[in-house]
$ cat protein.txt   # compact mmCIF, N, CA and C atoms
# COMPACT_ATOMS: atom_id res chain seq x y z
N MET A 1117 0.85 -1.18 0.00
CA MET A 1117 0.00 0.00 0.00
C MET A 1117 0.89 1.24 0.00
N PRO A 1118 0.76 2.10 -0.98
CA PRO A 1118 1.60 3.31 -1.03
C PRO A 1118 1.00 4.46 -0.23
N TRP A 1119 1.90 5.34 0.18
CA TRP A 1119 1.53 6.56 0.90
C TRP A 1119 2.13 7.77 0.19
N THR A 1120 1.55 8.91 0.44
CA THR A 1120 2.18 10.18 0.09
C THR A 1120 2.35 10.93 1.40
N VAL A 1121 3.59 11.20 1.75
CA VAL A 1121 3.89 11.98 2.94
C VAL A 1121 3.95 13.44 2.50
N ILE A 1122 3.18 14.28 3.19
CA ILE A 1122 3.11 15.69 2.83
C ILE A 1122 3.70 16.52 3.97
N VAL A 1123 4.67 17.34 3.63
CA VAL A 1123 5.31 18.21 4.61
C VAL A 1123 5.12 19.64 4.13
N LYS A 1124 4.63 20.50 5.02
CA LYS A 1124 4.41 21.92 4.71
C LYS A 1124 5.29 22.77 5.61
N LYS A 1125 5.80 23.84 5.05
CA LYS A 1125 6.61 24.77 5.83
C LYS A 1125 6.39 26.17 5.30
N GLN A 1126 6.23 27.13 6.21
CA GLN A 1126 6.07 28.53 5.82
C GLN A 1126 7.41 29.25 5.88
N PHE A 1127 7.57 30.19 4.94
CA PHE A 1127 8.76 31.02 4.86
C PHE A 1127 8.34 32.46 4.63
N HIS A 1128 9.13 33.38 5.11
CA HIS A 1128 8.90 34.80 4.88
C HIS A 1128 10.00 35.28 3.94
N TRP A 1129 9.60 35.51 2.70
CA TRP A 1129 10.56 35.87 1.68
C TRP A 1129 10.15 37.14 0.96
N ALA A 1130 11.13 37.91 0.56
CA ALA A 1130 10.90 39.06 -0.31
C ALA A 1130 11.43 38.72 -1.70
N HIS A 1131 10.89 39.37 -2.70
CA HIS A 1131 11.35 39.16 -4.08
C HIS A 1131 10.81 40.25 -4.98
N TYR A 1132 11.28 40.23 -6.20
CA TYR A 1132 10.65 40.97 -7.28
C TYR A 1132 10.86 40.14 -8.53
N LEU A 1133 9.95 40.28 -9.46
CA LEU A 1133 10.05 39.55 -10.73
C LEU A 1133 10.78 40.42 -11.72
N THR A 1134 11.81 39.88 -12.35
CA THR A 1134 12.67 40.68 -13.22
C THR A 1134 12.04 41.01 -14.56
N ASP A 1135 11.10 40.21 -15.03
CA ASP A 1135 10.47 40.45 -16.34
C ASP A 1135 8.96 40.54 -16.20
N TYR A 1136 8.50 41.17 -15.16
CA TYR A 1136 7.06 41.27 -14.92
C TYR A 1136 6.45 42.22 -15.94
N HIS A 1137 5.75 41.65 -16.91
CA HIS A 1137 5.14 42.41 -18.01
C HIS A 1137 6.16 43.37 -18.65
N GLY A 1138 7.40 42.89 -18.77
CA GLY A 1138 8.42 43.66 -19.46
C GLY A 1138 9.24 44.59 -18.59
N ALA A 1139 8.85 44.77 -17.32
CA ALA A 1139 9.59 45.68 -16.44
C ALA A 1139 9.70 45.07 -15.05
N PRO A 1140 10.80 45.36 -14.35
CA PRO A 1140 10.90 44.87 -12.98
C PRO A 1140 9.79 45.45 -12.10
N GLU A 1141 9.31 44.66 -11.18
CA GLU A 1141 8.31 45.16 -10.23
C GLU A 1141 9.03 45.55 -8.95
N PRO A 1142 8.39 46.29 -8.06
CA PRO A 1142 9.06 46.67 -6.81
C PRO A 1142 9.28 45.46 -5.89
N VAL A 1143 10.27 45.59 -5.04
CA VAL A 1143 10.53 44.55 -4.04
C VAL A 1143 9.34 44.49 -3.08
N HIS A 1144 8.89 43.28 -2.79
CA HIS A 1144 7.79 43.08 -1.85
C HIS A 1144 7.94 41.70 -1.21
N GLY A 1145 7.20 41.46 -0.17
CA GLY A 1145 7.32 40.20 0.55
C GLY A 1145 6.00 39.46 0.67
N HIS A 1146 6.13 38.17 0.95
CA HIS A 1146 4.98 37.30 1.16
C HIS A 1146 5.32 36.31 2.26
N THR A 1147 4.30 35.72 2.84
CA THR A 1147 4.48 34.53 3.64
C THR A 1147 4.18 33.36 2.71
N TRP A 1148 5.23 32.72 2.25
CA TRP A 1148 5.13 31.63 1.29
C TRP A 1148 4.92 30.32 2.06
N THR A 1149 4.25 29.38 1.44
CA THR A 1149 4.13 28.03 1.99
C THR A 1149 4.65 27.06 0.94
N VAL A 1150 5.52 26.17 1.37
CA VAL A 1150 6.07 25.14 0.49
C VAL A 1150 5.55 23.79 0.97
N GLU A 1151 4.99 23.03 0.04
CA GLU A 1151 4.50 21.68 0.32
C GLU A 1151 5.35 20.69 -0.46
N LEU A 1152 5.84 19.68 0.22
CA LEU A 1152 6.53 18.57 -0.44
C LEU A 1152 5.62 17.35 -0.37
N HIS A 1153 5.48 16.65 -1.47
CA HIS A 1153 4.69 15.42 -1.54
C HIS A 1153 5.66 14.30 -1.91
N ILE A 1154 5.96 13.44 -0.94
CA ILE A 1154 6.98 12.40 -1.12
C ILE A 1154 6.31 11.03 -1.05
N HIS A 1155 6.55 10.22 -2.06
CA HIS A 1155 5.99 8.87 -2.12
C HIS A 1155 6.74 7.94 -1.17
N ALA A 1156 5.98 7.10 -0.48
CA ALA A 1156 6.57 6.07 0.39
C ALA A 1156 5.86 4.75 0.11
N ASP A 1157 6.63 3.73 -0.24
CA ASP A 1157 6.06 2.40 -0.48
C ASP A 1157 5.79 1.65 0.81
N GLN A 1158 6.53 2.02 1.85
CA GLN A 1158 6.39 1.32 3.13
C GLN A 1158 6.64 2.28 4.28
N VAL A 1159 6.29 1.85 5.46
CA VAL A 1159 6.54 2.64 6.66
C VAL A 1159 7.45 1.84 7.58
N ASP A 1160 8.14 2.54 8.47
CA ASP A 1160 9.04 1.87 9.40
C ASP A 1160 8.25 1.30 10.59
N LYS A 1161 8.95 0.75 11.57
CA LYS A 1161 8.29 0.14 12.74
C LYS A 1161 7.42 1.13 13.49
N GLY A 1162 7.78 2.40 13.43
CA GLY A 1162 7.00 3.43 14.10
C GLY A 1162 5.82 3.91 13.27
N GLY A 1163 5.69 3.38 12.06
CA GLY A 1163 4.56 3.75 11.21
C GLY A 1163 4.80 4.96 10.33
N MET A 1164 6.08 5.36 10.16
CA MET A 1164 6.38 6.54 9.37
C MET A 1164 7.08 6.18 8.06
N GLY A 1165 6.64 6.85 6.98
CA GLY A 1165 7.33 6.72 5.70
C GLY A 1165 8.55 7.64 5.67
N TYR A 1166 8.37 8.85 6.14
CA TYR A 1166 9.44 9.84 6.29
C TYR A 1166 9.18 10.61 7.57
N ASP A 1167 10.22 10.99 8.25
CA ASP A 1167 10.12 11.77 9.48
C ASP A 1167 9.89 13.23 9.12
N PHE A 1168 8.72 13.78 9.51
CA PHE A 1168 8.40 15.17 9.22
C PHE A 1168 9.49 16.12 9.70
N VAL A 1169 10.02 15.86 10.89
CA VAL A 1169 11.03 16.74 11.48
C VAL A 1169 12.29 16.76 10.61
N GLU A 1170 12.71 15.59 10.15
CA GLU A 1170 13.90 15.50 9.31
C GLU A 1170 13.70 16.22 7.97
N VAL A 1171 12.54 16.03 7.36
CA VAL A 1171 12.26 16.67 6.08
C VAL A 1171 12.19 18.19 6.24
N LYS A 1172 11.54 18.66 7.31
CA LYS A 1172 11.46 20.11 7.55
C LYS A 1172 12.84 20.70 7.79
N LYS A 1173 13.68 19.99 8.51
CA LYS A 1173 15.04 20.47 8.77
C LYS A 1173 15.81 20.63 7.46
N PHE A 1174 15.69 19.65 6.58
CA PHE A 1174 16.34 19.75 5.27
C PHE A 1174 15.81 20.94 4.49
N LEU A 1175 14.50 21.14 4.52
CA LEU A 1175 13.88 22.26 3.82
C LEU A 1175 14.37 23.60 4.37
N GLU A 1176 14.51 23.69 5.68
CA GLU A 1176 15.01 24.92 6.31
C GLU A 1176 16.47 25.19 5.93
N GLU A 1177 17.27 24.13 5.79
CA GLU A 1177 18.66 24.31 5.36
C GLU A 1177 18.73 24.77 3.91
N LEU A 1178 17.87 24.23 3.08
CA LEU A 1178 17.84 24.58 1.67
C LEU A 1178 17.31 25.99 1.47
N LEU A 1179 16.29 26.35 2.26
CA LEU A 1179 15.57 27.61 2.08
C LEU A 1179 15.50 28.39 3.38
N PRO A 1180 16.49 29.19 3.68
CA PRO A 1180 16.45 29.95 4.93
C PRO A 1180 15.27 30.93 4.95
N ASP A 1181 14.71 31.11 6.13
CA ASP A 1181 13.60 32.04 6.33
C ASP A 1181 14.12 33.48 6.26
N TYR A 1182 13.23 34.41 5.97
CA TYR A 1182 13.55 35.85 5.93
C TYR A 1182 14.70 36.14 4.97
N ARG A 1183 14.52 35.70 3.73
CA ARG A 1183 15.54 35.92 2.70
C ARG A 1183 14.98 36.73 1.55
N PHE A 1184 15.88 37.36 0.84
CA PHE A 1184 15.56 38.06 -0.40
C PHE A 1184 15.85 37.06 -1.51
N LEU A 1185 14.81 36.51 -2.12
CA LEU A 1185 14.98 35.42 -3.07
C LEU A 1185 15.85 35.78 -4.27
N ASN A 1186 15.83 37.02 -4.69
CA ASN A 1186 16.64 37.41 -5.84
C ASN A 1186 18.13 37.26 -5.57
N GLU A 1187 18.53 37.23 -4.30
CA GLU A 1187 19.93 36.98 -3.96
C GLU A 1187 20.21 35.49 -3.75
N LEU A 1188 19.17 34.69 -3.57
CA LEU A 1188 19.32 33.25 -3.32
C LEU A 1188 19.39 32.46 -4.63
N VAL A 1189 18.66 32.90 -5.64
CA VAL A 1189 18.59 32.19 -6.91
C VAL A 1189 19.00 33.11 -8.05
N ASP A 1190 19.37 32.53 -9.19
CA ASP A 1190 19.83 33.33 -10.32
C ASP A 1190 18.80 33.39 -11.45
N PHE A 1191 17.52 33.38 -11.07
CA PHE A 1191 16.43 33.48 -12.03
C PHE A 1191 15.32 34.32 -11.39
N SER A 1192 14.34 34.69 -12.18
CA SER A 1192 13.21 35.46 -11.65
C SER A 1192 12.39 34.56 -10.71
N PRO A 1193 12.34 34.89 -9.41
CA PRO A 1193 11.74 33.99 -8.43
C PRO A 1193 10.21 34.06 -8.36
N SER A 1194 9.58 33.65 -9.45
CA SER A 1194 8.12 33.50 -9.46
C SER A 1194 7.77 32.22 -8.70
N ALA A 1195 6.52 32.06 -8.37
CA ALA A 1195 6.08 30.82 -7.71
C ALA A 1195 6.38 29.61 -8.59
N GLU A 1196 6.18 29.75 -9.90
CA GLU A 1196 6.43 28.64 -10.82
C GLU A 1196 7.91 28.26 -10.84
N ASN A 1197 8.78 29.28 -10.96
CA ASN A 1197 10.21 29.00 -11.00
C ASN A 1197 10.71 28.45 -9.67
N MET A 1198 10.19 28.97 -8.56
CA MET A 1198 10.60 28.47 -7.25
C MET A 1198 10.15 27.03 -7.06
N ALA A 1199 8.95 26.68 -7.51
CA ALA A 1199 8.46 25.31 -7.38
C ALA A 1199 9.38 24.34 -8.14
N ARG A 1200 9.78 24.70 -9.35
CA ARG A 1200 10.68 23.83 -10.13
C ARG A 1200 12.04 23.71 -9.47
N TRP A 1201 12.60 24.84 -9.02
CA TRP A 1201 13.93 24.83 -8.40
C TRP A 1201 13.92 24.00 -7.11
N ILE A 1202 12.92 24.20 -6.28
CA ILE A 1202 12.81 23.43 -5.03
C ILE A 1202 12.65 21.95 -5.35
N TYR A 1203 11.83 21.63 -6.33
CA TYR A 1203 11.64 20.23 -6.73
C TYR A 1203 12.99 19.60 -7.09
N GLN A 1204 13.75 20.28 -7.93
CA GLN A 1204 15.03 19.72 -8.38
C GLN A 1204 15.99 19.52 -7.21
N LYS A 1205 16.04 20.45 -6.27
CA LYS A 1205 16.93 20.33 -5.11
C LYS A 1205 16.47 19.23 -4.15
N VAL A 1206 15.18 19.17 -3.87
CA VAL A 1206 14.66 18.18 -2.93
C VAL A 1206 14.76 16.78 -3.53
N LYS A 1207 14.55 16.65 -4.82
CA LYS A 1207 14.60 15.34 -5.50
C LYS A 1207 15.98 14.69 -5.33
N GLU A 1208 17.03 15.50 -5.23
CA GLU A 1208 18.37 14.96 -5.01
C GLU A 1208 18.45 14.22 -3.67
N ARG A 1209 17.76 14.73 -2.68
CA ARG A 1209 17.78 14.13 -1.34
C ARG A 1209 16.70 13.06 -1.16
N TYR A 1210 15.53 13.31 -1.74
CA TYR A 1210 14.38 12.41 -1.63
C TYR A 1210 13.94 12.02 -3.04
N PRO A 1211 14.54 10.98 -3.61
CA PRO A 1211 14.25 10.60 -5.01
C PRO A 1211 12.79 10.24 -5.28
N SER A 1212 12.04 9.88 -4.26
CA SER A 1212 10.63 9.51 -4.48
C SER A 1212 9.70 10.72 -4.38
N LEU A 1213 10.26 11.94 -4.41
CA LEU A 1213 9.45 13.15 -4.40
C LEU A 1213 8.49 13.12 -5.59
N LYS A 1214 7.21 13.38 -5.32
CA LYS A 1214 6.20 13.38 -6.38
C LYS A 1214 5.96 14.78 -6.93
N LYS A 1215 5.85 15.76 -6.03
CA LYS A 1215 5.60 17.11 -6.49
C LYS A 1215 5.92 18.10 -5.39
N VAL A 1216 6.05 19.35 -5.81
CA VAL A 1216 6.24 20.48 -4.90
C VAL A 1216 5.15 21.50 -5.23
N VAL A 1217 4.52 22.01 -4.20
CA VAL A 1217 3.54 23.09 -4.36
C VAL A 1217 4.08 24.29 -3.58
N VAL A 1218 4.15 25.43 -4.26
CA VAL A 1218 4.61 26.66 -3.64
C VAL A 1218 3.44 27.65 -3.65
N TRP A 1219 3.04 28.07 -2.47
CA TRP A 1219 1.99 29.07 -2.32
C TRP A 1219 2.64 30.41 -2.04
N GLU A 1220 2.53 31.34 -2.98
CA GLU A 1220 3.08 32.68 -2.78
C GLU A 1220 2.15 33.49 -1.86
N THR A 1221 0.86 33.24 -2.00
CA THR A 1221 -0.16 33.81 -1.14
C THR A 1221 -1.14 32.68 -0.81
N PRO A 1222 -2.04 32.85 0.15
CA PRO A 1222 -3.02 31.79 0.42
C PRO A 1222 -3.92 31.48 -0.78
N GLU A 1223 -4.02 32.41 -1.72
CA GLU A 1223 -4.90 32.22 -2.88
C GLU A 1223 -4.18 31.89 -4.17
N GLY A 1224 -2.85 31.97 -4.21
CA GLY A 1224 -2.15 31.77 -5.47
C GLY A 1224 -0.83 31.06 -5.31
N GLY A 1225 -0.61 30.06 -6.14
CA GLY A 1225 0.63 29.32 -6.07
C GLY A 1225 0.87 28.54 -7.33
N ALA A 1226 1.86 27.66 -7.29
CA ALA A 1226 2.22 26.83 -8.45
C ALA A 1226 2.67 25.47 -7.96
N GLU A 1227 2.42 24.49 -8.80
CA GLU A 1227 2.78 23.10 -8.52
C GLU A 1227 3.75 22.64 -9.60
N TYR A 1228 4.79 21.89 -9.19
CA TYR A 1228 5.73 21.35 -10.17
C TYR A 1228 5.93 19.88 -9.88
N TYR A 1229 5.92 19.09 -10.96
CA TYR A 1229 6.18 17.65 -10.88
C TYR A 1229 6.72 17.19 -12.23
N GLU A 1230 7.36 16.04 -12.23
CA GLU A 1230 7.87 15.47 -13.50
C GLU A 1230 7.25 14.13 -13.75

$ encode --input "protein.txt" --output "structure tokens"
Amino acid sequence: MPWTVIVKKQFHWAHYLTDYHGAPEPVHGHTWTVELHIHADQVDKGGMGYDFVEVKKFLEELLPDYRFLNELVDFSPSAENMARWIYQKVKERYPSLKKVVVWETPEGGAEYYE
């Protein structure tokens, strides 16, 4: 029986989009939410496919809180681009990653999967 382990973490990030309708937009911030969906074929003796604490710790190391995203990445940090970048980085550590969902606001976000 397969499982999908879902880990969510909030981050406070500032950014601006470099090609927003042809012109840079002003720097602004959001409380972003990142969701990781990791496939697990089995669970351990304790009943866990992946340890939420361990996955969150890795996510915090990869994505420090209170950062200016334009200094962290070398592309326009839209929700779509961040979802793909996070997916690629997390997939290196957790090969059974199914998808990443990045919420830039509670009403708007992007999902990336391969």

$ closest_atom_pairs --input "protein.txt" --of "stretch 1189-1220 of chain A" --to "stretch 1148-1166 of chain A" --cutoff "6 Å" --atoms "all atoms listed in the file" --output "JSON lines"
{"residue": "A:Ser1212", "atom": "C", "partner": "A:His1155", "partner_atom": "N", "distance": 3.9}
{"residue": "A:Leu1213", "atom": "CA", "partner": "A:Ile1154", "partner_atom": "CA", "distance": 4.2}
{"residue": "A:Lys1214", "atom": "N", "partner": "A:His1153", "partner_atom": "C", "distance": 3.9}
{"residue": "A:Lys1215", "atom": "C", "partner": "A:His1153", "partner_atom": "N", "distance": 4.2}
{"residue": "A:Val1216", "atom": "CA", "partner": "A:Glu1151", "partner_atom": "C", "distance": 4.5}
{"residue": "A:Val1217", "atom": "C", "partner": "A:Glu1151", "partner_atom": "N", "distance": 3.9}
{"residue": "A:Val1218", "atom": "CA", "partner": "A:Thr1149", "partner_atom": "C", "distance": 4.6}
{"residue": "A:Trp1219", "atom": "N", "partner": "A:Thr1149", "partner_atom": "C", "distance": 3.9}
{"residue": "A:Glu1220", "atom": "CA", "partner": "A:Trp1148", "partner_atom": "CA", "distance": 4.7}

$ atom_distance --input "protein.txt" --atom1 "atom C of A:Leu1179" --atom2 "atom C of A:Gly1225"
18.1 Å

$ residues_around --input "protein.txt" --residues "A:Lys1173" --least-positions-apart "5" --cutoff "12 Å" --atoms "only C-alpha atoms" --output "ChimeraX atom specification"
/A:1123-1125,1167-1168,1178-1181,1206

$ residues_around --input "protein.txt" --residues "stretch 1133-1138 of chain A" --least-positions-apart "3" --cutoff "6 Å" --atoms "only N, CA and C atoms" --output "PyMOL selection string"
chain A and resi 1141+1192-1193

$ decode --input "protein.txt" --residues "stretch 1196-1207 of chain A" --atoms "all heavy atoms" --output "PDB file, in the first residue's frame"
ATOM      1  N   GLU A1196       6.176  29.748  -9.896  1.00  0.00           N
ATOM      2  CA  GLU A1196       6.433  28.640 -10.819  1.00  0.00           C
ATOM      3  C   GLU A1196       7.912  28.263 -10.836  1.00  0.00           C
ATOM      4  O   GLU A1196       8.267  27.081 -10.746  1.00  0.00           O
ATOM      5  CB  GLU A1196       5.982  29.024 -12.244  1.00  0.00           C
ATOM      6  CG  GLU A1196       4.493  29.213 -12.396  1.00  0.00           C
ATOM      7  CD  GLU A1196       3.996  30.622 -12.056  1.00  0.00           C
ATOM      8  OE1 GLU A1196       4.745  31.436 -11.456  1.00  0.00           O
ATOM      9  OE2 GLU A1196       2.836  30.911 -12.399  1.00  0.00           O
ATOM     10  N   ASN A1197       8.775  29.279 -10.962  1.00  0.00           N
ATOM     11  CA  ASN A1197      10.213  29.000 -10.997  1.00  0.00           C
ATOM     12  C   ASN A1197      10.711  28.451  -9.665  1.00  0.00           C
ATOM     13  O   ASN A1197      11.573  27.565  -9.631  1.00  0.00           O
ATOM     14  CB  ASN A1197      10.993  30.257 -11.363  1.00  0.00           C
ATOM     15  CG  ASN A1197      10.916  30.570 -12.834  1.00  0.00           C
ATOM     16  OD1 ASN A1197      10.621  29.722 -13.666  1.00  0.00           O
ATOM     17  ND2 ASN A1197      11.170  31.823 -13.184  1.00  0.00           N
ATOM     18  N   MET A1198      10.190  28.966  -8.563  1.00  0.00           N
ATOM     19  CA  MET A1198      10.602  28.468  -7.246  1.00  0.00           C
ATOM     20  C   MET A1198      10.149  27.025  -7.058  1.00  0.00           C
ATOM     21  O   MET A1198      10.898  26.205  -6.514  1.00  0.00           O
ATOM     22  CB  MET A1198      10.061  29.360  -6.128  1.00  0.00           C
ATOM     23  CG  MET A1198      10.713  30.734  -6.059  1.00  0.00           C
ATOM     24  SD  MET A1198      12.526  30.696  -5.915  1.00  0.00           S
ATOM     25  CE  MET A1198      12.740  29.844  -4.345  1.00  0.00           C
ATOM     26  N   ALA A1199       8.948  26.683  -7.508  1.00  0.00           N
ATOM     27  CA  ALA A1199       8.461  25.308  -7.382  1.00  0.00           C
ATOM     28  C   ALA A1199       9.376  24.343  -8.135  1.00  0.00           C
ATOM     29  O   ALA A1199       9.735  23.279  -7.617  1.00  0.00           O
ATOM     30  CB  ALA A1199       7.026  25.201  -7.893  1.00  0.00           C
ATOM     31  N   ARG A1200       9.785  24.704  -9.351  1.00  0.00           N
ATOM     32  CA  ARG A1200      10.675  23.829 -10.133  1.00  0.00           C
ATOM     33  C   ARG A1200      12.045  23.712  -9.466  1.00  0.00           C
ATOM     34  O   ARG A1200      12.597  22.615  -9.338  1.00  0.00           O
ATOM     35  CB  ARG A1200      10.830  24.356 -11.556  1.00  0.00           C
ATOM     36  CG  ARG A1200      11.762  23.482 -12.400  1.00  0.00           C
ATOM     37  CD  ARG A1200      11.916  23.975 -13.817  1.00  0.00           C
ATOM     38  NE  ARG A1200      12.327  25.367 -13.804  1.00  0.00           N
ATOM     39  CZ  ARG A1200      11.972  26.246 -14.728  1.00  0.00           C
ATOM     40  NH1 ARG A1200      11.198  25.901 -15.735  1.00  0.00           N
ATOM     41  NH2 ARG A1200      12.391  27.501 -14.645  1.00  0.00           N
ATOM     42  N   TRP A1201      12.603  24.836  -9.022  1.00  0.00           N
ATOM     43  CA  TRP A1201      13.928  24.828  -8.398  1.00  0.00           C
ATOM     44  C   TRP A1201      13.919  24.002  -7.112  1.00  0.00           C
ATOM     45  O   TRP A1201      14.819  23.189  -6.881  1.00  0.00           O
ATOM     46  CB  TRP A1201      14.362  26.266  -8.122  1.00  0.00           C
ATOM     47  CG  TRP A1201      15.741  26.402  -7.558  1.00  0.00           C
ATOM     48  CD1 TRP A1201      16.914  26.368  -8.246  1.00  0.00           C
ATOM     49  CD2 TRP A1201      16.089  26.599  -6.182  1.00  0.00           C
ATOM     50  NE1 TRP A1201      17.976  26.541  -7.385  1.00  0.00           N
ATOM     51  CE2 TRP A1201      17.491  26.682  -6.113  1.00  0.00           C
ATOM     52  CE3 TRP A1201      15.344  26.720  -5.016  1.00  0.00           C
ATOM     53  CZ2 TRP A1201      18.169  26.868  -4.914  1.00  0.00           C
ATOM     54  CZ3 TRP A1201      16.020  26.909  -3.820  1.00  0.00           C
ATOM     55  CH2 TRP A1201      17.415  26.979  -3.780  1.00  0.00           C
ATOM     56  N   ILE A1202      12.916  24.199  -6.283  1.00  0.00           N
ATOM     57  CA  ILE A1202      12.808  23.432  -5.027  1.00  0.00           C
ATOM     58  C   ILE A1202      12.648  21.953  -5.345  1.00  0.00           C
ATOM     59  O   ILE A1202      13.290  21.101  -4.730  1.00  0.00           O
ATOM     60  CB  ILE A1202      11.645  23.963  -4.157  1.00  0.00           C
ATOM     61  CG1 ILE A1202      11.955  25.384  -3.675  1.00  0.00           C
ATOM     62  CG2 ILE A1202      11.377  23.031  -2.978  1.00  0.00           C
ATOM     63  CD1 ILE A1202      10.764  26.119  -3.095  1.00  0.00           C
ATOM     64  N   TYR A1203      11.834  21.627  -6.330  1.00  0.00           N
ATOM     65  CA  TYR A1203      11.644  20.228  -6.729  1.00  0.00           C
ATOM     66  C   TYR A1203      12.985  19.596  -7.093  1.00  0.00           C
ATOM     67  O   TYR A1203      13.328  18.507  -6.626  1.00  0.00           O
ATOM     68  CB  TYR A1203      10.681  20.144  -7.915  1.00  0.00           C
ATOM     69  CG  TYR A1203      10.446  18.746  -8.409  1.00  0.00           C
ATOM     70  CD1 TYR A1203       9.386  17.982  -7.923  1.00  0.00           C
ATOM     71  CD2 TYR A1203      11.286  18.157  -9.355  1.00  0.00           C
ATOM     72  CE1 TYR A1203       9.170  16.690  -8.355  1.00  0.00           C
ATOM     73  CE2 TYR A1203      11.091  16.863  -9.794  1.00  0.00           C
ATOM     74  CZ  TYR A1203      10.038  16.130  -9.297  1.00  0.00           C
ATOM     75  OH  TYR A1203       9.838  14.842  -9.726  1.00  0.00           O
ATOM     76  N   GLN A1204      13.753  20.276  -7.933  1.00  0.00           N
ATOM     77  CA  GLN A1204      15.034  19.724  -8.375  1.00  0.00           C
ATOM     78  C   GLN A1204      15.994  19.516  -7.206  1.00  0.00           C
ATOM     79  O   GLN A1204      16.697  18.500  -7.146  1.00  0.00           O
ATOM     80  CB  GLN A1204      15.654  20.626  -9.438  1.00  0.00           C
ATOM     81  CG  GLN A1204      14.865  20.619 -10.725  1.00  0.00           C
ATOM     82  CD  GLN A1204      15.245  21.723 -11.692  1.00  0.00           C
ATOM     83  OE1 GLN A1204      15.875  22.722 -11.323  1.00  0.00           O
ATOM     84  NE2 GLN A1204      14.844  21.571 -12.946  1.00  0.00           N
ATOM     85  N   LYS A1205      16.041  20.446  -6.270  1.00  0.00           N
ATOM     86  CA  LYS A1205      16.933  20.332  -5.113  1.00  0.00           C
ATOM     87  C   LYS A1205      16.473  19.231  -4.155  1.00  0.00           C
ATOM     88  O   LYS A1205      17.288  18.452  -3.657  1.00  0.00           O
ATOM     89  CB  LYS A1205      17.021  21.665  -4.360  1.00  0.00           C
ATOM     90  CG  LYS A1205      17.614  22.792  -5.169  1.00  0.00           C
ATOM     91  CD  LYS A1205      19.066  22.536  -5.474  1.00  0.00           C
ATOM     92  CE  LYS A1205      19.709  23.723  -6.153  1.00  0.00           C
ATOM     93  NZ  LYS A1205      21.085  23.460  -6.535  1.00  0.00           N
ATOM     94  N   VAL A1206      15.184  19.171  -3.875  1.00  0.00           N
ATOM     95  CA  VAL A1206      14.662  18.177  -2.928  1.00  0.00           C
ATOM     96  C   VAL A1206      14.756  16.776  -3.526  1.00  0.00           C
ATOM     97  O   VAL A1206      15.036  15.809  -2.818  1.00  0.00           O
ATOM     98  CB  VAL A1206      13.218  18.523  -2.505  1.00  0.00           C
ATOM     99  CG1 VAL A1206      12.606  17.408  -1.672  1.00  0.00           C
ATOM    100  CG2 VAL A1206      13.198  19.851  -1.737  1.00  0.00           C
ATOM    101  N   LYS A1207      14.551  16.655  -4.820  1.00  0.00           N
ATOM    102  CA  LYS A1207      14.603  15.343  -5.498  1.00  0.00           C
ATOM    103  C   LYS A1207      15.981  14.695  -5.332  1.00  0.00           C
ATOM    104  O   LYS A1207      16.081  13.466  -5.268  1.00  0.00           O
ATOM    105  CB  LYS A1207      14.272  15.534  -6.979  1.00  0.00           C
ATOM    106  CG  LYS A1207      14.152  14.267  -7.758  1.00  0.00           C
ATOM    107  CD  LYS A1207      12.761  13.756  -7.739  1.00  0.00           C
ATOM    108  CE  LYS A1207      12.611  12.593  -8.706  1.00  0.00           C
ATOM    109  NZ  LYS A1207      11.364  11.902  -8.511  1.00  0.00           N
TER     110      LYS A1207
END
